[in-house]
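S.K.: Below you'll find entry-v2.cif; it's mmCIF, C-alpha atoms and all ligand atoms.
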```cif
data_target
loop_
_atom_site.label_atom_id
_atom_site.label_comp_id
_atom_site.auth_asym_id
_atom_site.auth_seq_id
_atom_site.Cartn_x
_atom_site.Cartn_y
_atom_site.Cartn_z
CA MET A 1447 -17.69 -7.57 27.98
CA LEU A 1448 -18.16 -7.16 24.20
CA ASP A 1449 -21.69 -8.47 23.81
CA TRP A 1450 -23.59 -6.12 21.51
CA ASP A 1451 -25.77 -7.56 18.79
CA SER A 1452 -25.51 -6.56 15.13
CA VAL A 1453 -28.27 -3.95 15.34
CA GLU A 1454 -26.66 -2.15 18.28
CA ILE A 1455 -23.28 -2.12 16.56
CA THR A 1456 -24.66 -0.91 13.23
CA GLN A 1457 -26.63 1.88 14.92
CA ALA A 1458 -23.77 3.09 17.08
CA ASP A 1459 -21.47 3.12 14.07
CA ALA A 1460 -23.96 4.94 11.87
CA MET A 1461 -24.71 7.58 14.51
CA HIS A 1462 -21.38 8.16 16.23
CA VAL A 1463 -18.51 7.40 13.87
CA MET A 1464 -17.80 10.22 11.42
CA PRO A 1465 -19.25 9.13 8.11
CA THR A 1466 -15.96 8.95 6.18
CA TYR A 1467 -16.32 5.30 5.18
CA ALA A 1468 -18.89 3.73 2.89
CA ARG A 1469 -19.15 0.60 5.04
CA GLN A 1470 -19.98 -2.72 3.47
CA PRO A 1471 -22.76 -4.67 5.18
CA LEU A 1472 -20.41 -7.13 6.82
CA ARG A 1473 -19.23 -7.38 10.43
CA VAL A 1474 -15.97 -9.25 10.71
CA VAL A 1475 -15.29 -10.85 14.08
CA ARG A 1476 -12.30 -13.10 13.51
CA GLY A 1477 -9.54 -13.86 11.03
CA LYS A 1478 -7.28 -16.85 10.44
CA GLY A 1479 -4.81 -17.11 7.57
CA VAL A 1480 -6.43 -16.09 4.29
CA TYR A 1481 -9.95 -16.24 5.81
CA VAL A 1482 -12.12 -13.94 7.89
CA PHE A 1483 -15.39 -14.85 9.62
CA ASP A 1484 -18.49 -12.70 10.06
CA ASP A 1485 -20.91 -12.50 13.02
CA GLN A 1486 -22.98 -15.34 11.50
CA GLY A 1487 -19.94 -17.63 11.39
CA ARG A 1488 -19.73 -17.29 7.60
CA LYS A 1489 -16.27 -17.67 6.09
CA TYR A 1490 -14.80 -15.30 3.48
CA LEU A 1491 -11.67 -15.62 1.40
CA ASP A 1492 -9.94 -12.30 2.10
CA PHE A 1493 -8.33 -10.99 -1.09
CA THR A 1494 -8.02 -7.51 0.42
CA SER A 1495 -5.60 -8.39 3.23
CA GLY A 1496 -7.13 -5.38 5.00
CA ILE A 1497 -5.93 -3.27 2.05
CA ALA A 1498 -2.48 -4.85 1.78
CA VAL A 1499 -1.93 -4.73 5.55
CA CYS A 1500 -2.24 -8.35 6.68
CA GLY A 1501 0.35 -9.43 4.13
CA LEU A 1502 0.97 -12.68 6.02
CA GLY A 1503 -2.73 -13.31 6.52
CA HIS A 1504 -4.72 -12.94 9.72
CA CYS A 1505 -3.27 -13.90 13.10
CA HIS A 1506 -0.06 -15.41 11.73
CA PRO A 1507 1.33 -17.48 14.64
CA ALA A 1508 4.86 -15.99 14.45
CA LEU A 1509 3.47 -12.44 14.55
CA VAL A 1510 1.02 -13.19 17.34
CA ALA A 1511 3.80 -14.76 19.43
CA ALA A 1512 6.22 -11.85 18.88
CA ALA A 1513 3.66 -9.11 19.58
CA THR A 1514 2.19 -10.93 22.60
CA GLU A 1515 5.59 -11.38 24.20
CA GLN A 1516 6.34 -7.69 23.68
CA ILE A 1517 2.95 -6.59 25.07
CA ASN A 1518 3.78 -8.48 28.24
CA THR A 1519 7.23 -6.86 28.43
CA LEU A 1520 7.04 -3.20 27.33
CA TRP A 1521 4.34 -1.89 25.04
CA HIS A 1522 5.30 1.75 24.79
CA MET A 1523 8.26 3.94 25.62
CA SER A 1524 9.06 7.42 24.43
CA ASN A 1525 11.53 7.89 21.58
CA LEU A 1526 13.59 9.88 24.09
CA TYR A 1527 14.86 6.46 25.20
CA LEU A 1528 16.40 3.48 23.43
CA THR A 1529 14.43 0.28 22.95
CA GLU A 1530 15.80 -2.97 21.59
CA PRO A 1531 12.94 -3.91 19.17
CA GLN A 1532 13.25 -0.56 17.35
CA ALA A 1533 17.05 -0.72 17.06
CA ARG A 1534 17.01 -4.31 15.82
CA LEU A 1535 14.25 -3.53 13.34
CA ALA A 1536 16.15 -0.49 12.06
CA GLU A 1537 19.20 -2.64 11.35
CA LYS A 1538 17.29 -5.49 9.67
CA LEU A 1539 14.85 -3.29 7.75
CA THR A 1540 17.48 -0.99 6.27
CA ALA A 1541 19.60 -4.00 5.29
CA ALA A 1542 16.67 -5.69 3.52
CA SER A 1543 15.66 -2.44 1.83
CA GLY A 1544 19.12 -1.32 0.69
CA PHE A 1545 19.33 1.89 2.78
CA ASP A 1546 21.35 3.22 5.71
CA ARG A 1547 18.79 4.88 7.97
CA VAL A 1548 15.09 4.80 8.77
CA PHE A 1549 12.57 7.14 10.40
CA PHE A 1550 9.67 5.28 12.01
CA ALA A 1551 6.11 6.60 11.75
CA ASN A 1552 2.66 5.02 12.17
CA SER A 1553 1.08 5.15 8.74
CA GLY A 1554 1.69 5.59 5.05
CA ALA A 1555 0.71 9.26 5.05
CA GLU A 1556 3.13 9.94 7.89
CA ALA A 1557 5.92 8.04 6.16
CA ASN A 1558 5.34 10.20 3.07
CA GLU A 1559 5.22 13.38 5.19
CA ALA A 1560 8.66 12.47 6.52
CA ALA A 1561 9.87 11.86 2.96
CA ILE A 1562 8.59 15.29 1.88
CA LYS A 1563 10.26 17.00 4.86
CA LEU A 1564 13.49 15.09 4.29
CA ALA A 1565 13.59 15.92 0.56
CA ARG A 1566 13.02 19.61 1.23
CA ARG A 1567 15.53 19.87 4.06
CA TYR A 1568 18.21 18.01 2.09
CA SER A 1569 17.65 20.05 -1.08
CA LYS A 1570 17.57 23.44 0.66
CA HIS A 1571 20.69 22.56 2.59
CA THR A 1572 22.49 21.25 -0.50
CA PHE A 1573 21.29 23.59 -3.26
CA GLY A 1574 19.62 26.61 -1.62
CA ALA A 1575 16.43 27.86 0.00
CA HIS A 1576 14.52 28.14 -3.30
CA LYS A 1577 14.34 24.32 -3.61
CA GLY A 1578 11.09 22.86 -2.33
CA GLU A 1579 8.71 21.78 -5.07
CA ILE A 1580 7.91 18.09 -5.53
CA LEU A 1581 6.54 16.56 -8.71
CA THR A 1582 3.86 13.87 -8.41
CA PHE A 1583 1.81 11.96 -10.99
CA THR A 1584 -1.77 11.75 -12.18
CA HIS A 1585 -3.61 8.73 -10.69
CA SER A 1586 -1.25 8.79 -7.68
CA PHE A 1587 -2.23 8.26 -4.05
CA HIS A 1588 0.06 9.35 -1.22
CA GLY A 1589 -2.25 9.71 1.80
CA ARG A 1590 -4.86 11.87 3.52
CA THR A 1591 -2.93 14.44 5.55
CA LEU A 1592 -3.04 17.90 4.01
CA ALA A 1593 0.44 17.62 2.49
CA THR A 1594 0.03 14.06 1.22
CA VAL A 1595 -3.49 14.65 -0.10
CA THR A 1596 -2.04 17.60 -2.00
CA ALA A 1597 0.73 15.35 -3.30
CA THR A 1598 -2.07 13.00 -4.42
CA ALA A 1599 -2.84 14.26 -7.92
CA GLN A 1600 -6.54 13.32 -7.87
CA PRO A 1601 -9.06 16.16 -7.39
CA LYS A 1602 -11.68 13.85 -5.84
CA TYR A 1603 -9.55 13.45 -2.69
CA GLN A 1604 -9.00 17.22 -2.32
CA GLU A 1605 -12.57 18.49 -2.62
CA GLY A 1606 -13.50 21.02 0.06
CA LEU A 1607 -10.12 20.86 1.83
CA GLY A 1608 -8.58 24.15 0.68
CA PRO A 1609 -6.46 26.08 1.14
CA LEU A 1610 -4.07 23.25 0.28
CA PRO A 1611 -0.37 23.59 1.07
CA GLY A 1612 1.84 24.66 -1.85
CA GLY A 1613 4.94 23.02 -3.25
CA PHE A 1614 3.49 20.24 -5.41
CA ARG A 1615 3.16 20.07 -9.15
CA TYR A 1616 1.35 17.36 -11.09
CA VAL A 1617 2.70 15.53 -14.08
CA GLU A 1618 0.90 13.25 -16.53
CA ALA A 1619 1.90 9.61 -15.85
CA PRO A 1620 3.92 7.99 -17.27
CA SER A 1621 5.33 10.69 -19.55
CA LEU A 1622 9.02 11.47 -19.26
CA ARG A 1623 8.59 14.53 -21.46
CA ALA A 1624 5.98 15.91 -19.10
CA VAL A 1625 8.42 15.46 -16.20
CA GLN A 1626 11.17 17.18 -18.17
CA GLU A 1627 8.91 20.11 -18.95
CA ALA A 1628 7.76 20.43 -15.34
CA ILE A 1629 11.26 20.59 -13.84
CA ALA A 1630 12.05 24.12 -12.65
CA PRO A 1631 14.84 25.66 -10.53
CA LYS A 1632 12.63 25.21 -7.44
CA THR A 1633 12.02 21.49 -8.09
CA CYS A 1634 13.64 19.29 -5.45
CA ALA A 1635 12.15 15.82 -5.89
CA VAL A 1636 9.93 13.46 -7.85
CA MET A 1637 7.59 11.18 -5.90
CA VAL A 1638 6.13 8.10 -7.55
CA GLU A 1639 4.49 4.77 -6.71
CA PRO A 1640 6.31 2.11 -8.77
CA ILE A 1641 2.89 0.49 -9.08
CA GLN A 1642 0.04 2.93 -8.57
CA GLY A 1643 -2.37 1.21 -6.18
CA GLU A 1644 -5.50 3.24 -5.34
CA GLY A 1645 -5.26 4.92 -8.76
CA GLY A 1646 -6.03 1.72 -10.68
CA VAL A 1647 -3.18 -0.82 -10.15
CA ARG A 1648 -0.90 0.64 -12.81
CA PRO A 1649 2.66 -0.72 -12.86
CA MET A 1650 5.20 1.77 -14.18
CA LYS A 1651 7.30 0.58 -17.09
CA LYS A 1652 10.88 -0.31 -16.22
CA GLU A 1653 12.24 2.05 -18.90
CA PHE A 1654 10.17 4.91 -17.49
CA LEU A 1655 11.59 4.47 -13.99
CA GLN A 1656 15.11 4.07 -15.39
CA ASP A 1657 14.71 7.29 -17.39
CA LEU A 1658 13.22 9.03 -14.36
CA ARG A 1659 16.26 7.98 -12.32
CA GLU A 1660 18.62 9.42 -14.95
CA LEU A 1661 16.63 12.63 -15.17
CA CYS A 1662 16.70 13.08 -11.38
CA ASP A 1663 20.48 12.52 -11.36
CA ALA A 1664 20.99 15.02 -14.18
CA TYR A 1665 18.98 17.74 -12.40
CA GLY A 1666 20.03 17.01 -8.80
CA LEU A 1667 16.52 15.89 -7.80
CA LEU A 1668 15.71 13.26 -5.21
CA LEU A 1669 13.70 10.29 -6.44
CA ILE A 1670 11.13 9.17 -3.87
CA PHE A 1671 9.36 5.82 -4.21
CA ASP A 1672 6.09 5.52 -2.28
CA GLU A 1673 6.11 1.78 -1.55
CA VAL A 1674 3.42 1.95 1.13
CA GLN A 1675 1.32 -0.57 -0.81
CA THR A 1676 3.98 -2.42 -2.85
CA GLY A 1677 6.41 -3.02 0.03
CA ALA A 1678 7.11 -6.03 2.27
CA GLY A 1679 7.03 -8.75 -0.38
CA ARG A 1680 3.87 -7.93 -2.34
CA THR A 1681 5.68 -7.75 -5.71
CA GLY A 1682 7.78 -10.88 -5.18
CA GLU A 1683 10.74 -8.94 -3.78
CA TRP A 1684 10.96 -7.17 -0.42
CA LEU A 1685 10.50 -3.86 -2.25
CA ALA A 1686 9.33 -3.12 -5.80
CA TRP A 1687 12.51 -1.14 -6.52
CA GLN A 1688 14.38 -4.44 -6.28
CA VAL A 1689 12.15 -5.92 -9.00
CA TYR A 1690 12.69 -2.91 -11.26
CA GLY A 1691 16.39 -2.56 -10.46
CA VAL A 1692 15.86 1.20 -10.11
CA LYS A 1693 16.85 2.48 -6.70
CA PRO A 1694 15.22 5.63 -5.32
CA ASP A 1695 16.92 8.09 -2.93
CA ILE A 1696 14.07 7.83 -0.45
CA VAL A 1697 11.61 4.97 -0.02
CA THR A 1698 8.49 4.85 2.16
CA MET A 1699 6.69 1.80 3.52
CA ALA A 1700 3.71 1.19 5.82
CA LYS A 1701 0.67 -1.07 5.26
CA SER A 1702 2.04 -4.63 5.71
CA LEU A 1703 5.36 -3.64 7.27
CA ALA A 1704 4.18 -4.75 10.73
CA GLY A 1705 1.62 -7.25 9.42
CA GLY A 1706 -1.41 -5.37 10.77
CA LEU A 1707 -0.08 -3.17 13.56
CA PRO A 1708 0.36 0.51 12.65
CA MET A 1709 3.84 1.29 11.41
CA GLY A 1710 5.34 3.46 8.69
CA ALA A 1711 8.96 3.83 7.63
CA THR A 1712 10.94 6.34 5.59
CA MET A 1713 14.41 5.25 4.47
CA ALA A 1714 17.38 6.95 2.85
CA MET A 1715 21.15 6.68 2.49
CA GLU A 1716 23.40 8.40 5.02
CA ASP A 1717 24.13 11.59 3.01
CA VAL A 1718 20.41 12.36 2.61
CA ALA A 1719 19.20 10.94 5.94
CA VAL A 1720 21.35 13.24 8.09
CA SER A 1721 19.21 16.19 6.93
CA LEU A 1722 16.56 15.13 9.46
CA SER A 1723 18.82 16.15 12.35
CA ALA A 1724 17.79 16.13 16.03
CA GLY A 1725 14.62 18.13 16.63
CA THR A 1726 13.59 18.49 12.96
CA HIS A 1727 10.99 15.72 13.00
CA GLY A 1728 9.49 13.23 15.42
CA SER A 1729 6.62 10.98 16.41
CA THR A 1730 5.18 9.96 19.76
CA PHE A 1731 4.21 6.45 18.69
CA GLY A 1732 6.64 5.89 15.80
CA GLY A 1733 8.71 2.73 16.20
CA ASN A 1734 6.51 1.48 19.02
CA PRO A 1735 8.05 -1.69 20.52
CA VAL A 1736 5.02 -3.93 19.86
CA ALA A 1737 4.76 -2.85 16.21
CA ALA A 1738 8.55 -3.17 15.91
CA ARG A 1739 8.49 -6.75 17.22
CA ALA A 1740 5.71 -7.61 14.79
CA ALA A 1741 7.66 -6.04 11.93
CA LEU A 1742 10.75 -8.05 12.90
CA ALA A 1743 8.63 -11.21 12.64
CA VAL A 1744 7.32 -10.05 9.23
CA LEU A 1745 10.87 -9.52 7.98
CA GLU A 1746 12.03 -12.89 9.29
CA THR A 1747 9.08 -14.67 7.66
CA VAL A 1748 9.18 -12.90 4.30
CA LEU A 1749 12.96 -13.17 3.97
CA ALA A 1750 13.09 -16.85 5.01
CA PRO A 1751 14.58 -18.94 2.18
CA GLY A 1752 11.97 -19.79 -0.44
CA PHE A 1753 9.20 -17.46 0.76
CA LEU A 1754 9.54 -14.81 -1.95
CA VAL A 1755 10.10 -17.52 -4.57
CA ARG A 1756 6.64 -18.84 -3.66
CA VAL A 1757 5.14 -15.35 -3.83
CA ARG A 1758 6.53 -14.98 -7.36
CA GLU A 1759 5.13 -18.41 -8.33
CA SER A 1760 1.72 -17.57 -6.85
CA GLY A 1761 1.81 -14.25 -8.67
CA GLN A 1762 2.48 -15.97 -11.97
CA GLU A 1763 -0.33 -18.40 -11.36
CA LEU A 1764 -2.75 -15.58 -10.53
CA GLN A 1765 -1.66 -13.70 -13.65
CA THR A 1766 -2.23 -16.78 -15.84
CA GLN A 1767 -5.69 -17.33 -14.40
CA LEU A 1768 -6.70 -13.69 -14.72
CA ILE A 1769 -5.57 -13.59 -18.35
CA LYS A 1770 -7.63 -16.72 -18.95
CA LEU A 1771 -10.62 -15.05 -17.28
CA ALA A 1772 -10.18 -11.93 -19.40
CA SER A 1773 -10.12 -13.99 -22.60
CA LYS A 1774 -13.41 -15.61 -21.54
CA LEU A 1775 -15.24 -12.46 -20.44
CA PRO A 1776 -15.61 -9.62 -22.95
CA GLU A 1777 -16.50 -7.28 -20.04
CA VAL A 1778 -12.88 -7.44 -18.82
CA VAL A 1779 -10.82 -4.88 -20.69
CA GLU A 1780 -7.41 -5.41 -19.14
CA VAL A 1781 -5.59 -7.14 -16.28
CA ARG A 1782 -2.55 -5.37 -14.82
CA GLY A 1783 -0.22 -6.05 -11.94
CA MET A 1784 2.82 -7.71 -10.51
CA GLY A 1785 3.46 -10.35 -7.86
CA LEU A 1786 0.30 -10.58 -5.75
CA MET A 1787 -1.09 -7.14 -6.63
CA TRP A 1788 -3.54 -7.21 -9.54
CA GLY A 1789 -6.17 -5.01 -11.11
CA VAL A 1790 -8.99 -6.26 -13.33
CA GLN A 1791 -10.37 -3.41 -15.41
CA LEU A 1792 -13.99 -3.62 -16.59
CA GLU A 1793 -15.47 -1.94 -19.63
CA ARG A 1794 -17.89 0.02 -17.42
CA PRO A 1795 -17.62 1.62 -13.93
CA ASP A 1796 -19.18 -1.43 -12.23
CA ALA A 1797 -16.35 -2.40 -9.88
CA GLY A 1798 -18.47 -1.66 -6.80
CA LYS A 1799 -21.24 -4.01 -7.97
CA VAL A 1800 -18.71 -6.75 -8.63
CA VAL A 1801 -17.25 -6.27 -5.14
CA ASP A 1802 -20.77 -6.82 -3.72
CA ALA A 1803 -21.37 -9.88 -5.90
CA CYS A 1804 -18.01 -11.34 -4.83
CA ARG A 1805 -18.80 -10.76 -1.15
CA GLU A 1806 -22.15 -12.52 -1.53
CA ARG A 1807 -20.19 -15.51 -2.88
CA GLY A 1808 -17.67 -15.46 -0.02
CA LEU A 1809 -14.81 -13.49 -1.55
CA LEU A 1810 -13.60 -10.08 -0.38
CA VAL A 1811 -11.97 -7.87 -3.01
CA LEU A 1812 -11.33 -4.13 -3.44
CA THR A 1813 -11.84 -1.52 -6.10
CA ALA A 1814 -9.17 0.80 -7.49
CA GLY A 1815 -11.24 3.51 -9.12
CA ALA A 1816 -14.77 2.98 -10.46
CA ASP A 1817 -13.92 0.45 -13.18
CA THR A 1818 -11.13 -1.65 -11.67
CA ILE A 1819 -11.30 -4.56 -9.21
CA ARG A 1820 -8.18 -4.86 -7.08
CA LEU A 1821 -6.86 -8.17 -5.76
CA LEU A 1822 -4.39 -8.12 -2.85
CA PRO A 1823 -4.39 -11.67 -1.42
CA PRO A 1824 -2.22 -12.50 1.58
CA LEU A 1825 1.24 -13.63 0.45
CA ILE A 1826 0.62 -17.07 2.00
CA VAL A 1827 -2.23 -17.80 -0.42
CA THR A 1828 -2.23 -21.28 -2.04
CA GLY A 1829 -2.90 -22.33 -5.62
CA ASN A 1830 -6.32 -23.75 -4.70
CA GLU A 1831 -7.37 -20.50 -3.08
CA LEU A 1832 -6.25 -18.50 -6.11
CA GLU A 1833 -8.34 -20.77 -8.31
CA TRP A 1834 -11.46 -20.43 -6.12
CA ALA A 1835 -11.07 -16.69 -5.99
CA VAL A 1836 -10.74 -16.28 -9.76
CA ASP A 1837 -13.73 -18.62 -10.26
CA MET A 1838 -15.85 -16.58 -7.85
CA LEU A 1839 -14.69 -13.34 -9.46
CA GLY A 1840 -15.67 -14.67 -12.88
CA GLU A 1841 -19.12 -15.68 -11.63
CA ALA A 1842 -19.55 -12.32 -9.93
CA ILE A 1843 -18.66 -10.38 -13.09
CA GLU A 1844 -21.00 -12.55 -15.16
CA SER A 1845 -23.85 -12.05 -12.67
CA VAL A 1846 -23.43 -8.26 -12.66
CA TYR A 1847 -23.41 -8.05 -16.44
CA ALA A 1848 -26.30 -10.51 -16.79
CA LYS A 1849 -28.37 -8.14 -14.62
CA VAL A 1850 -27.22 -5.08 -16.57
CA ASN A 1851 -28.11 -6.74 -19.89
CA GLU A 1852 -31.60 -7.71 -18.64
CA CYS A 1853 -32.49 -4.05 -18.03
C1 LIG B 1901 -2.47 3.46 1.58
C2 LIG B 1901 -1.45 4.30 0.94
C3 LIG B 1901 -1.00 5.49 1.54
C4 LIG B 1901 -1.58 6.03 2.81
O1 LIG B 1901 -1.37 5.18 3.88
P1 LIG B 1901 -2.15 5.44 5.28
O2 LIG B 1901 -1.55 4.43 6.19
O3 LIG B 1901 -3.60 5.24 5.02
O4 LIG B 1901 -1.84 6.83 5.69
C5 LIG B 1901 0.01 6.19 0.90
N1 LIG B 1901 0.54 5.76 -0.26
C6 LIG B 1901 0.14 4.62 -0.86
C7 LIG B 1901 0.78 4.18 -2.13
C8 LIG B 1901 -0.88 3.86 -0.29
O5 LIG B 1901 -1.31 2.75 -0.90
#
```
Represent the supplied structure as structure tokens.
Ligand SMILES: *Cc1c(COP(=O)(O)O)cnc(C)c1O
M.R.:
Amino acid sequence: MLDWDSVEITQADAMHVMPTYARQPLRVVRGKGVYVFDDQGRKYLDFTSGIAVCGLGHCHPALVAAATEQINTLWHMSNLYLTEPQARLAEKLTAASGFDRVFFANSGAEANEAAIKLARRYSKHTFGAHKGEILTFTHSFHGRTLATVTATAQPKYQEGLGPLPGGFRYVEAPSLRAVQEAIAPKTCAVMVEPIQGEGGVRPMKKEFLQDLRELCDAYGLLLIFDEVQTGAGRTGEWLAWQVYGVKPDIVTMAKSLAGGLPMGATMAMEDVAVSLSAGTHGSTFGGNPVAARAALAVLETVLAPGFLVRVRESGQELQTQLIKLASKLPEVVEVRGMGLMWGVQLERPDAGKVVDACRERGLLVLTAGADTIRLLPPLIVTGNELEWAVDMLGEAIESVYAKVNEC
């Protein structure tokens, strides 16, 4: 049935898919564990995890079994009715995350939209109708819907999209004074990624998040953590807030929550959560039974005894190797990250060229801005694979700079 050759596929894509993605010249046909395979049968070490989505690698047997069983049983039902996978997931997910209630969506942007709606409804109800403005940070990324792209304090994502919705104000990260100065009577919440992902892999300092928490408490503001990229074990804990020991009022997840099936989640404690009362928000697909079953399998796997310990160990090993690489290569300015989420900043905006050079060597990596290479390996990665990847990355960086220096 699916029997097109590479030329037919490339042409159809180029002519008929809206040109929003700068596609890499690689057609992936299959994935297994930390590897994907292209149409020539070539194998690549996938240190993108589909942008932090396949957190347990590709086609993890427990996830495949859970989702397959559910597909054969019930693969969609309206949220007007109860379904067991969603209810079970709600109980397990909120317990693991430290919250009372969850709203299920299908993506990170939607999870953040729900967080924005929840923060506004709670604050207006609690403090008055004037409350509605949300503070967000420079270098942030919160999604592509009109509200979340406005929350995203990076002009490059907003170009040509006006008029943008109001109610957001940008603050220099990570400056507590800037937050203090931006707080006004209409402010209702502060939204922050504990580790900024798209904006350059920038972990917030623990003291900054602690101070932010205190400031929010003092002014009656809700603290929202966007954990769409950091959630589901990536940092060595289920959520990054558990690493920092700073608990937000609202947390959002998506990306690897269901291991590759679309799912987003917005969580809060009871007193805040009840503000999204019946009829105030909703989603046709949110909490879909197949995605919910997959997410249950993700939770079970990640929270199994020893799993997160191994993620922390792998993270430390990756950190050690990247620091070693940086000391060897003068072109590397800084390495930043936590757990299995790392950024390698170059002295020049050559991250795209390094991504190409890595791919040619059999390693898939991402950028985070023009000068930073982003590594998001599956959490099941082994020590050997980390070593190969860092070796290939080193060779790739050297090859790019050798070319640059020749010119
Ligand atoms: C990817 C991402 C989003 C957007 O998620 P989508 O599923 O693409 O809508 C939002 N916030 C953060 C921190 C992200 O990394």
S.K.: Which neighbours of region 1785-1790 of chain A fall inside 7 Å, counting all atoms listed in the file, when residues of the same chain fewer than 5 positions from it are skipped, and could you give them as a list in words?
M.R.: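 Result of the neighbour search: Gly1646, Val1647, Arg1680, Thr1681, Gly1682, Val1757, Arg1758, Gly1761, Val1778, Glu1780, Thr1818, Ile1819, Arg1820, Leu1821, Leu1822, Pro1823 and Leu1825 of chain A.
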S.K.: Would you kindly return, as a PyMOL selection string, each protein, DNA or RNA residue with an atom no farther than 12 Å from any atom of Ala1624 (chain A), considering only C-alpha atoms and excluding same-chain residues fewer than 2 positions away?
M.R.: chain A and resi 1581-1584+1615-1622+1626-1629+1654+1658+1661
S.K.: Please identify every polymer residue within 8 Å of ligand LIG 1901 (chain B), using all atoms listed in the file, and present the set as a PyMOL selection string.
M.R.: chain A and resi 1497+1552-1558+1586-1591+1594+1639+1642-1644+1672-1676+1700-1701+1708+1710
S.K.: Taking into account only C-alpha atoms, which residue in the set A:Met1464, A:Cys1804, A:Leu1810, A:Leu1775 is nearest to Tyr1847 (chain A)?
M.R.: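 Checking each candidate against Tyr1847 (chain A), we get A:Leu1775 as the closest.
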S.K.: Please list as a short mmCIF file (atom, residue, chain, number, x, y, z; two decimals) with C-alpha atoms, in the frame of the given file every residue within 10 Å of Val1510 (chain A), counting only C-alpha atoms and excluding residues in the same chain fewer than 5 positions away.
M.R.:
```
data_model
loop_
_atom_site.label_atom_id
_atom_site.label_comp_id
_atom_site.auth_asym_id
_atom_site.auth_seq_id
_atom_site.Cartn_x
_atom_site.Cartn_y
_atom_site.Cartn_z
CA HIS A 1504 -4.72 -12.94 9.72
CA CYS A 1505 -3.27 -13.90 13.10
CA GLU A 1515 5.59 -11.38 24.20
CA GLN A 1516 6.34 -7.69 23.68
CA GLY A 1705 1.62 -7.25 9.42
CA ARG A 1739 8.49 -6.75 17.22
CA ALA A 1740 5.71 -7.61 14.79
CA ALA A 1743 8.63 -11.21 12.64
#
```
S.K.: Using all atoms listed in the file, which of A:Gly1606, A:Gly1829, A:Pro1824, A:Gly1666 sits nearest Gly1496 (chain A)?
M.R.: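 Closest to Gly1496 (chain A), using all atoms listed in the file: A:Pro1824.
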S.K.: Measuring between only C-alpha atoms, which one of A:Val1692, A:Ala1750, A:Pro1735, A:Gly1706 shows the shortest distance to Glu1530 (chain A)?
M.R.: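 Selected residue with least distance to Glu1530 (chain A): A:Pro1735.
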S.K.: For Val1800 (chain A), please output as a PyMOL selection string all residues within 8 Å (counting only C-alpha atoms; exclusion window: fewer than 5 positions along the same chain).
M.R.: chain A and resi 1819+1839+1842-1843+1846
S.K.: So which residues touch region 1536-1547 of chain A within 10 Å, counting only C-alpha atoms, skipping near sequence neighbours fewer than 6 positions away, as an MDAnalysis selection string?
M.R.: chainID A and resid 1530 1677:1678 1683:1688 1693:1697 1703 1711:1720 1733 1738 1741:1742 1745:1746 1749
S.K.: With distances taken over all atoms listed in the file, which of A:Ser1760, A:Gln1600, A:Gln1486, A:Ser1524 is nearest to Gly1732 (chain A)?
M.R.: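 Smallest distance to Gly1732 (chain A) is found for A:Ser1524.
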S.K.: Go through A:Asp1663, A:Arg1794, A:Gly1477, A:His1727 and flag the residue nearest Arg1567 (chain A), using all atoms listed in the file for the distances.
M.R.: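 Of all the options, A:His1727 lies closest to Arg1567 (chain A).
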S.K.: For Ile1580 (chain A), which residue among A:Ala1635, A:Leu1610, A:Ala1560, A:Leu1764 is the nearest when counting only C-alpha atoms?
M.R.: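 Checking each candidate against Ile1580 (chain A), we get A:Ala1635 as the closest.
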S.K.: May I have the centre and edge lengths, in Å to one decimal, of an axis-aligned box around the listed atoms of region 1747-1757 of chain A with 4 Å added to every side, as lines of an AutoDock Vina configuration file?
M.R.:
```
center_x = 9.9
center_y = -16.3
center_z = 1.5
size_x = 17.4
size_y = 14.9
size_z = 20.2
```
